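A quick write-up on the structure given underneath.
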Amino acid sequence: MTEDVISEFVAAVPMPAVVVDQSERIIAANAEAQTLLGHQMIGRHFATLLRQPQMIDAIEQSLRTKGPVKTRHLSNDGAQDTTFEVQCRYVDGIGAVGGGAVLASFLDVTHLEQAGQMRRDFVANVSHELRTPLTALMGFIETLRGPAREDATARERFLQIMADEANRMNRLVGDLLSLNRVESAERVRPTDRVDLTGQLQSTLTSLRPLAEDAGVTLTLRAPEQPVEVTGDSDQLRQVFTNLIENAIKYGGSGGEVDVTLTASDRDPAVRAAAARVQVVDKGPGIDAVHLPRLTERFYRADSHRSRELGGTGLGLAIVKHIVNRHRGRMRVESELGKGSTFTVILPR
């Protein structure tokens with residue numbers, strides 16, 4: 001088989017691929033491999049390009065044993081680290097004096113590595129979030145069994161703290177289950193018609209006692225005509241409840257939370273007719289460094305305050321997945337000392 005034919009075959013491989021013959025020189029490489037490893041590869045010793053020890057060992061082993069070998073190649077695409085699973089397969093009868101060669105193909109498994117890391121991080125975060133209240137409960141139980149057994153005042157105080165910690169764990173488990181349900185249904189578009197005006201009015205009515213306790217005035221601005229979207233009524237209520245409740249708890253120091261509903265025939269964010277719901281508070285605002293990560297699971301701009309107010313760190317992650325299911329967009333704008341604006345854009 002001529003080198004031209006080998007090159008044509010390698011060029012047809014839909015992933016980075018190189019061929020190394022018994023002289024340990026690269027005799028063919030497709031365009032993807034040259035983008036990954038560098039140009040002007042043909043004729044060079046493979047070790048000058050594939051400098052990672054595990055790659056050199058794998059190709060040498062495959063050339064020597066004429067058998068398959070699997071390894072990994074680490075790289076960087078300029079934006080992030082990338083991981084490739086490399087399969088080395090021996091091809092007989094090609095290369096220098098027909099002595100055979102190794103075809104090394106590179107499969108990008110970065111997304112699998114990232115998914116694995118996300119799962120590990122998620123388990124670690126859940127463990128951490130549950131360990132804190134569990135440790136508190138165990139400590140108070142031990143105290144009630146011992147030193148505070150006959151102290152009625154301390155017992156009552158400890159039982160209240162234990163109830164608060166148990167409720168915190170219950171909220172966390174509830175949010176985890178809710179997040180799981182939302183993620184499971186994210187690819188299934190909702191089909192019901194939802195009146196956003198009525199939905200927002202109902203949500204504000206249910207949250208008004210919380211707002212009154214916090215000294216916050218809730219205001220709704222909406223068109224006279226009902227604004228309808230295709231959506232899941234329960235999930236949209238969850239979105240608005242979460243955003244307005246957060247505005248009351250974290251931005252309530254400004255004394256006002258404004259909710260505005262608008263409709264347009266074409267919104268540039270979704271390139272279609274859409275409805276926008278904006279939740280605006282006049283509180284302390286959020287530092288810009290936190291804005292890109294607010295919808296990450298368990299990410300908190302103010303961890304201590306969030307836990308004090310009963311936050312689980314999952315609310316905005318749930319909101320993001322619900323909005324994604326509705327093919328909408330969510331935007332956050334904030335400036336320290338000037339409050340925050342959370343905007344949900346839903347196609348109509």
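If you're wondering about the labels, chains in the structure tokens are A, B, ... by order shown, residues count from 1 in each chain, ligands from 1 in order shown.
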I'd like the contact shell of Val216 (chain A) - 6 Å cut-off, only C-alpha atoms, skipping same-chain residues fewer than 4 positions apart - returned as a list in words.
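The residues satisfying every condition are Ala211, Glu212, Gly252, Gly255 and Glu256 of chain A.
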Mind the document's chain letters and residue numbers, and return as an MDAnalysis selection string the residues of region 69-317 of chain A that DSSP labels alpha helix (DSSP H).
chainID A and resid 110:145 152:184 196:213 233:251 303:308 315:317
Strand (DSSP E) positions in region 71-256 of chain A, given as a ChimeraX atom specification:
/A:71-76,81-91,101-108,192-195,217-221,228-231,256
Requested write-out: N, CA, C and O atoms of the selected residues, as a short mmCIF file (atom, residue, chain, number, x, y, z; two decimals), in the first residue's frame:
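The result, written out as result_24.cif:
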data_model
loop_
_atom_site.label_atom_id
_atom_site.label_comp_id
_atom_site.auth_asym_id
_atom_site.auth_seq_id
_atom_site.Cartn_x
_atom_site.Cartn_y
_atom_site.Cartn_z
N THR A 71 -4.32 4.00 25.90
CA THR A 71 -3.73 4.93 26.86
C THR A 71 -4.47 6.25 26.80
O THR A 71 -5.52 6.36 26.15
N ARG A 72 -3.91 7.26 27.45
CA ARG A 72 -4.54 8.58 27.47
C ARG A 72 -3.53 9.65 27.08
O ARG A 72 -2.33 9.52 27.36
N HIS A 73 -4.05 10.69 26.44
CA HIS A 73 -3.22 11.83 26.05
C HIS A 73 -3.87 13.08 26.60
O HIS A 73 -5.07 13.31 26.41
N LEU A 74 -3.09 13.91 27.30
CA LEU A 74 -3.60 15.15 27.88
C LEU A 74 -3.14 16.33 27.05
O LEU A 74 -1.99 16.38 26.62
N SER A 75 -4.05 17.27 26.85
CA SER A 75 -3.72 18.43 26.03
C SER A 75 -4.46 19.64 26.57
O SER A 75 -5.12 19.58 27.61
N ASN A 76 -4.37 20.75 25.85
CA ASN A 76 -5.08 21.97 26.21
C ASN A 76 -5.45 22.69 24.92
O ASN A 76 -4.59 22.91 24.06
N ASP A 81 -8.29 22.29 29.78
CA ASP A 81 -7.56 21.03 29.61
C ASP A 81 -8.46 20.03 28.91
O ASP A 81 -9.66 19.96 29.17
N THR A 82 -7.89 19.25 28.01
CA THR A 82 -8.65 18.23 27.29
C THR A 82 -8.01 16.86 27.50
O THR A 82 -6.80 16.75 27.65
N THR A 83 -8.84 15.85 27.52
CA THR A 83 -8.38 14.48 27.73
C THR A 83 -8.80 13.63 26.54
O THR A 83 -9.98 13.66 26.13
N PHE A 84 -7.85 12.87 25.97
CA PHE A 84 -8.13 11.98 24.85
C PHE A 84 -7.86 10.55 25.25
O PHE A 84 -6.85 10.26 25.91
N GLU A 85 -8.76 9.66 24.86
CA GLU A 85 -8.50 8.23 24.99
C GLU A 85 -7.87 7.78 23.67
O GLU A 85 -8.44 7.98 22.60
N VAL A 86 -6.67 7.21 23.76
CA VAL A 86 -5.92 6.86 22.56
C VAL A 86 -5.93 5.33 22.37
O VAL A 86 -5.57 4.58 23.28
N GLN A 87 -6.36 4.92 21.19
CA GLN A 87 -6.37 3.51 20.82
C GLN A 87 -5.25 3.26 19.80
O GLN A 87 -5.23 3.88 18.74
N CYS A 88 -4.32 2.38 20.16
CA CYS A 88 -3.24 2.01 19.24
C CYS A 88 -3.55 0.64 18.65
O CYS A 88 -3.71 -0.34 19.39
N ARG A 89 -3.61 0.56 17.32
CA ARG A 89 -3.92 -0.69 16.64
C ARG A 89 -2.83 -0.97 15.61
O ARG A 89 -2.48 -0.09 14.81
N TYR A 90 -2.33 -2.19 15.59
CA TYR A 90 -1.25 -2.57 14.66
C TYR A 90 -1.84 -2.94 13.31
O TYR A 90 -2.84 -3.67 13.22
N VAL A 91 -1.23 -2.41 12.25
CA VAL A 91 -1.64 -2.71 10.88
C VAL A 91 -0.46 -3.37 10.17
O VAL A 91 0.61 -2.75 10.02
N ALA A 101 2.85 -1.06 10.88
CA ALA A 101 2.79 0.25 11.52
C ALA A 101 1.65 0.25 12.54
O ALA A 101 0.80 -0.64 12.58
N VAL A 102 1.64 1.29 13.36
CA VAL A 102 0.60 1.46 14.38
C VAL A 102 -0.26 2.66 14.02
O VAL A 102 0.26 3.75 13.74
N LEU A 103 -1.58 2.45 14.02
CA LEU A 103 -2.53 3.55 13.86
C LEU A 103 -2.98 3.98 15.25
O LEU A 103 -3.57 3.19 16.00
N ALA A 104 -2.69 5.23 15.62
CA ALA A 104 -3.10 5.77 16.92
C ALA A 104 -4.22 6.78 16.68
O ALA A 104 -4.03 7.77 15.99
N SER A 105 -5.41 6.49 17.24
CA SER A 105 -6.56 7.39 17.08
C SER A 105 -6.90 8.01 18.44
O SER A 105 -6.83 7.35 19.48
N PHE A 106 -7.29 9.30 18.41
CA PHE A 106 -7.51 10.08 19.63
C PHE A 106 -8.99 10.42 19.77
O PHE A 106 -9.54 11.17 18.97
N LEU A 107 -9.65 9.85 20.78
CA LEU A 107 -11.07 10.14 21.05
C LEU A 107 -11.16 11.12 22.20
O LEU A 107 -10.67 10.86 23.30
N ASP A 108 -11.81 12.26 21.97
CA ASP A 108 -11.95 13.28 23.00
C ASP A 108 -12.98 12.83 24.05
O ASP A 108 -14.16 12.66 23.75
N ASP A 192 -48.87 22.80 28.18
CA ASP A 192 -50.03 23.50 28.72
C ASP A 192 -49.92 25.00 28.48
O ASP A 192 -48.83 25.54 28.32
N ARG A 193 -51.08 25.66 28.48
CA ARG A 193 -51.10 27.11 28.41
C ARG A 193 -51.17 27.68 29.83
O ARG A 193 -51.95 27.23 30.65
N VAL A 194 -50.30 28.64 30.11
CA VAL A 194 -50.21 29.21 31.45
C VAL A 194 -50.40 30.72 31.37
O VAL A 194 -49.76 31.40 30.56
N ASP A 195 -51.29 31.24 32.22
CA ASP A 195 -51.52 32.69 32.32
C ASP A 195 -50.50 33.24 33.31
O ASP A 195 -50.63 33.07 34.53
N THR A 217 -42.34 45.80 50.71
CA THR A 217 -43.54 46.04 49.90
C THR A 217 -43.40 45.35 48.56
O THR A 217 -42.40 45.55 47.85
N LEU A 218 -44.37 44.51 48.20
CA LEU A 218 -44.37 43.80 46.91
C LEU A 218 -45.26 44.55 45.93
O LEU A 218 -46.40 44.89 46.25
N THR A 219 -44.76 44.76 44.72
CA THR A 219 -45.51 45.47 43.69
C THR A 219 -45.47 44.67 42.39
O THR A 219 -44.40 44.21 41.97
N LEU A 220 -46.64 44.52 41.76
CA LEU A 220 -46.72 43.82 40.47
C LEU A 220 -47.16 44.81 39.40
O LEU A 220 -48.18 45.49 39.55
N ARG A 221 -46.39 44.87 38.32
CA ARG A 221 -46.77 45.67 37.15
C ARG A 221 -46.95 44.71 35.99
O ARG A 221 -46.00 44.02 35.60
N GLU A 228 -50.07 34.93 28.10
CA GLU A 228 -50.00 33.47 28.17
C GLU A 228 -48.74 32.94 27.50
O GLU A 228 -48.26 33.51 26.51
N VAL A 229 -48.21 31.85 28.05
CA VAL A 229 -47.09 31.14 27.44
C VAL A 229 -47.40 29.65 27.51
O VAL A 229 -48.28 29.21 28.25
N THR A 230 -46.67 28.89 26.69
CA THR A 230 -46.75 27.44 26.80
C THR A 230 -45.78 26.99 27.87
O THR A 230 -44.58 27.27 27.78
N GLY A 231 -46.29 26.34 28.92
CA GLY A 231 -45.40 26.00 30.02
C GLY A 231 -46.00 25.02 30.99
O GLY A 231 -47.13 24.53 30.83
N GLU A 256 -38.35 47.36 49.15
CA GLU A 256 -39.25 47.18 48.00
C GLU A 256 -38.77 46.05 47.11
O GLU A 256 -37.56 45.88 46.90
#
Kindly give the distance, in Å, that separates CA of Ile26 (chain A) and CA of Gly100 (chain A), rounded to a single decimal.
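These atoms are spaced 12.4 Å apart.
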Using only C-alpha atoms, determine which residues lie at most 9 Å from Gly95 (chain A), disregarding the query and same-chain residues fewer than 2 positions distant; provide the list as a list in words.
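Here the answer would be Met1, Thr2, Glu3, Val19, Val20, Asp21, Gln22, Ser23, Ile27, Asp92, Gly93, Val97, Gly98, Gly99, Gly100 and Ala101 of chain A.
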Report as a list of chain:residue names all protein, DNA and RNA residues lying within 9 Å of Glu333 (chain A), evaluated on only C-alpha atoms, omitting residues in the same chain fewer than 4 positions from it.
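Those residues are A:Ile286, A:Ala288, A:Leu291, A:Gly339, A:Ser340, A:Thr341, A:Phe342, A:Thr343.
Candidate residues A:Pro68, A:Gly328, A:Gly139, A:Gly254 were compared for distance to Ala214 (chain A), and the nearest is A:Gly254, using only C-alpha atoms.
The spacing separating CA of Leu314 (chain A) from CA of Asp232 (chain A) amounts to 19.7 Å.
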So that I can check the surroundings of Gly174 (chain A), please list as a list in words every protein, DNA and RNA residue that reaches within 12 Å of it, counting only C-alpha atoms and ignoring chain neighbours fewer than 6 positions away.
Asn167, Arg168, Asn180, Arg181, Thr312, Leu314, Gly315 and Ile318 of chain A
How would the residues just picked look written out with N, CA, C and O atoms as an mmCIF file, in the first residue's frame?
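Contents of the output file selection-v9.cif:
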data_model
loop_
_atom_site.group_PDB
_atom_site.id
_atom_site.type_symbol
_atom_site.label_atom_id
_atom_site.label_comp_id
_atom_site.auth_asym_id
_atom_site.auth_seq_id
_atom_site.Cartn_x
_atom_site.Cartn_y
_atom_site.Cartn_z
ATOM 1 N N ASN A 167 -35.289 20.563 59.848
ATOM 2 C CA ASN A 167 -36.011 21.218 58.752
ATOM 3 C C ASN A 167 -35.051 21.584 57.628
ATOM 4 O O ASN A 167 -35.414 21.513 56.446
ATOM 5 N N ARG A 168 -33.854 22.011 58.004
ATOM 6 C CA ARG A 168 -32.859 22.344 56.984
ATOM 7 C C ARG A 168 -32.515 21.126 56.140
ATOM 8 O O ARG A 168 -32.428 21.214 54.909
ATOM 9 N N ASN A 180 -33.717 16.773 40.656
ATOM 10 C CA ASN A 180 -33.683 15.529 39.888
ATOM 11 C C ASN A 180 -34.878 15.432 38.944
ATOM 12 O O ASN A 180 -34.731 15.055 37.777
ATOM 13 N N ARG A 181 -36.062 15.797 39.436
ATOM 14 C CA ARG A 181 -37.265 15.745 38.585
ATOM 15 C C ARG A 181 -37.145 16.726 37.424
ATOM 16 O O ARG A 181 -37.482 16.409 36.282
ATOM 17 N N THR A 312 -30.581 26.445 50.583
ATOM 18 C CA THR A 312 -29.892 25.173 50.335
ATOM 19 C C THR A 312 -28.814 25.296 49.272
ATOM 20 O O THR A 312 -28.033 24.370 49.071
ATOM 21 N N LEU A 314 -29.473 25.432 46.115
ATOM 22 C CA LEU A 314 -29.949 24.728 44.916
ATOM 23 C C LEU A 314 -31.049 25.479 44.184
ATOM 24 O O LEU A 314 -31.413 25.113 43.071
ATOM 25 N N GLY A 315 -31.590 26.526 44.812
ATOM 26 C CA GLY A 315 -32.757 27.207 44.236
ATOM 27 C C GLY A 315 -32.543 27.728 42.839
ATOM 28 O O GLY A 315 -33.340 27.463 41.921
ATOM 29 N N ILE A 318 -32.207 25.034 40.192
ATOM 30 C CA ILE A 318 -33.521 24.526 39.786
ATOM 31 C C ILE A 318 -34.179 25.495 38.810
ATOM 32 O O ILE A 318 -34.730 25.086 37.784
#
If you count only C-alpha atoms, the residue of A:Gly283, A:Gly43, A:Gly251, A:Gly198 closest to Ala96 (chain A) turns out to be A:Gly43
Tell me which protein, DNA and RNA residues are within 9 Å of region 145-162 of chain A, counting only C-alpha atoms, leaving out same-chain ones fewer than 5 positions away, and put them as a list in words.
Pro133, Ala136, Leu137, Phe140 and Asn167 of chain A
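Of the listed residues (A:Arg25, A:Arg119, A:Arg189, A:Arg51), A:Arg51 comes nearest to Leu37 (chain A); the distances count only C-alpha atoms.
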Within 12 Å of Thr35 (chain A) using only C-alpha atoms, minus same-chain residues under 3 positions, as an mmCIF file with N, CA and C atoms, in the first residue's frame:
data_model
loop_
_atom_site.group_PDB
_atom_site.id
_atom_site.type_symbol
_atom_site.label_atom_id
_atom_site.label_comp_id
_atom_site.auth_asym_id
_atom_site.auth_seq_id
_atom_site.Cartn_x
_atom_site.Cartn_y
_atom_site.Cartn_z
ATOM 1 N N MET A 15 -11.557 11.522 13.540
ATOM 2 C CA MET A 15 -10.957 11.973 14.789
ATOM 3 C C MET A 15 -9.460 12.068 14.564
ATOM 4 N N PRO A 16 -8.713 12.769 15.407
ATOM 5 C CA PRO A 16 -7.265 12.835 15.207
ATOM 6 C C PRO A 16 -6.658 11.438 15.118
ATOM 7 N N ALA A 17 -5.817 11.216 14.089
ATOM 8 C CA ALA A 17 -5.203 9.890 13.901
ATOM 9 C C ALA A 17 -3.839 10.052 13.242
ATOM 10 N N VAL A 18 -2.862 9.254 13.705
ATOM 11 C CA VAL A 18 -1.530 9.246 13.109
ATOM 12 C C VAL A 18 -1.096 7.796 12.906
ATOM 13 N N ALA A 29 -0.843 11.428 8.860
ATOM 14 C CA ALA A 29 -1.600 12.109 9.917
ATOM 15 C C ALA A 29 -2.706 12.916 9.267
ATOM 16 N N ASN A 30 -3.906 12.850 9.820
ATOM 17 C CA ASN A 30 -4.992 13.626 9.229
ATOM 18 C C ASN A 30 -4.981 15.068 9.743
ATOM 19 N N ALA A 31 -5.873 15.881 9.200
ATOM 20 C CA ALA A 31 -5.891 17.314 9.547
ATOM 21 C C ALA A 31 -6.196 17.523 11.023
ATOM 22 N N GLU A 32 -7.087 16.687 11.590
ATOM 23 C CA GLU A 32 -7.426 16.820 13.002
ATOM 24 C C GLU A 32 -6.212 16.577 13.896
ATOM 25 N N GLY A 38 0.322 19.526 15.998
ATOM 26 C CA GLY A 38 1.261 20.396 15.293
ATOM 27 C C GLY A 38 1.409 20.005 13.833
ATOM 28 N N HIS A 39 1.750 20.958 13.010
ATOM 29 C CA HIS A 39 1.882 20.708 11.574
ATOM 30 C C HIS A 39 3.290 20.209 11.237
ATOM 31 N N GLN A 40 3.475 19.832 9.977
ATOM 32 C CA GLN A 40 4.764 19.303 9.482
ATOM 33 C C GLN A 40 5.199 18.092 10.314
ATOM 34 N N MET A 41 4.271 17.152 10.472
ATOM 35 C CA MET A 41 4.536 15.967 11.286
ATOM 36 C C MET A 41 5.183 14.844 10.492
ATOM 37 N N SER A 75 -4.050 17.269 26.847
ATOM 38 C CA SER A 75 -3.720 18.431 26.027
ATOM 39 C C SER A 75 -4.460 19.642 26.571
ATOM 40 N N ASN A 76 -4.370 20.755 25.850
ATOM 41 C CA ASN A 76 -5.080 21.969 26.209
ATOM 42 C C ASN A 76 -5.447 22.690 24.921
ATOM 43 N N ASP A 77 -6.735 23.042 24.805
ATOM 44 C CA ASP A 77 -7.194 23.677 23.570
ATOM 45 C C ASP A 77 -7.134 25.201 23.633
#
Could you check the closest approach to Pro14 (chain A) for each of A:Val126, A:Ala33, A:Leu196, A:Val289 and tell me which residue wins, using only C-alpha atoms?
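Distance minimum relative to Pro14 (chain A) lands on A:Ala33.
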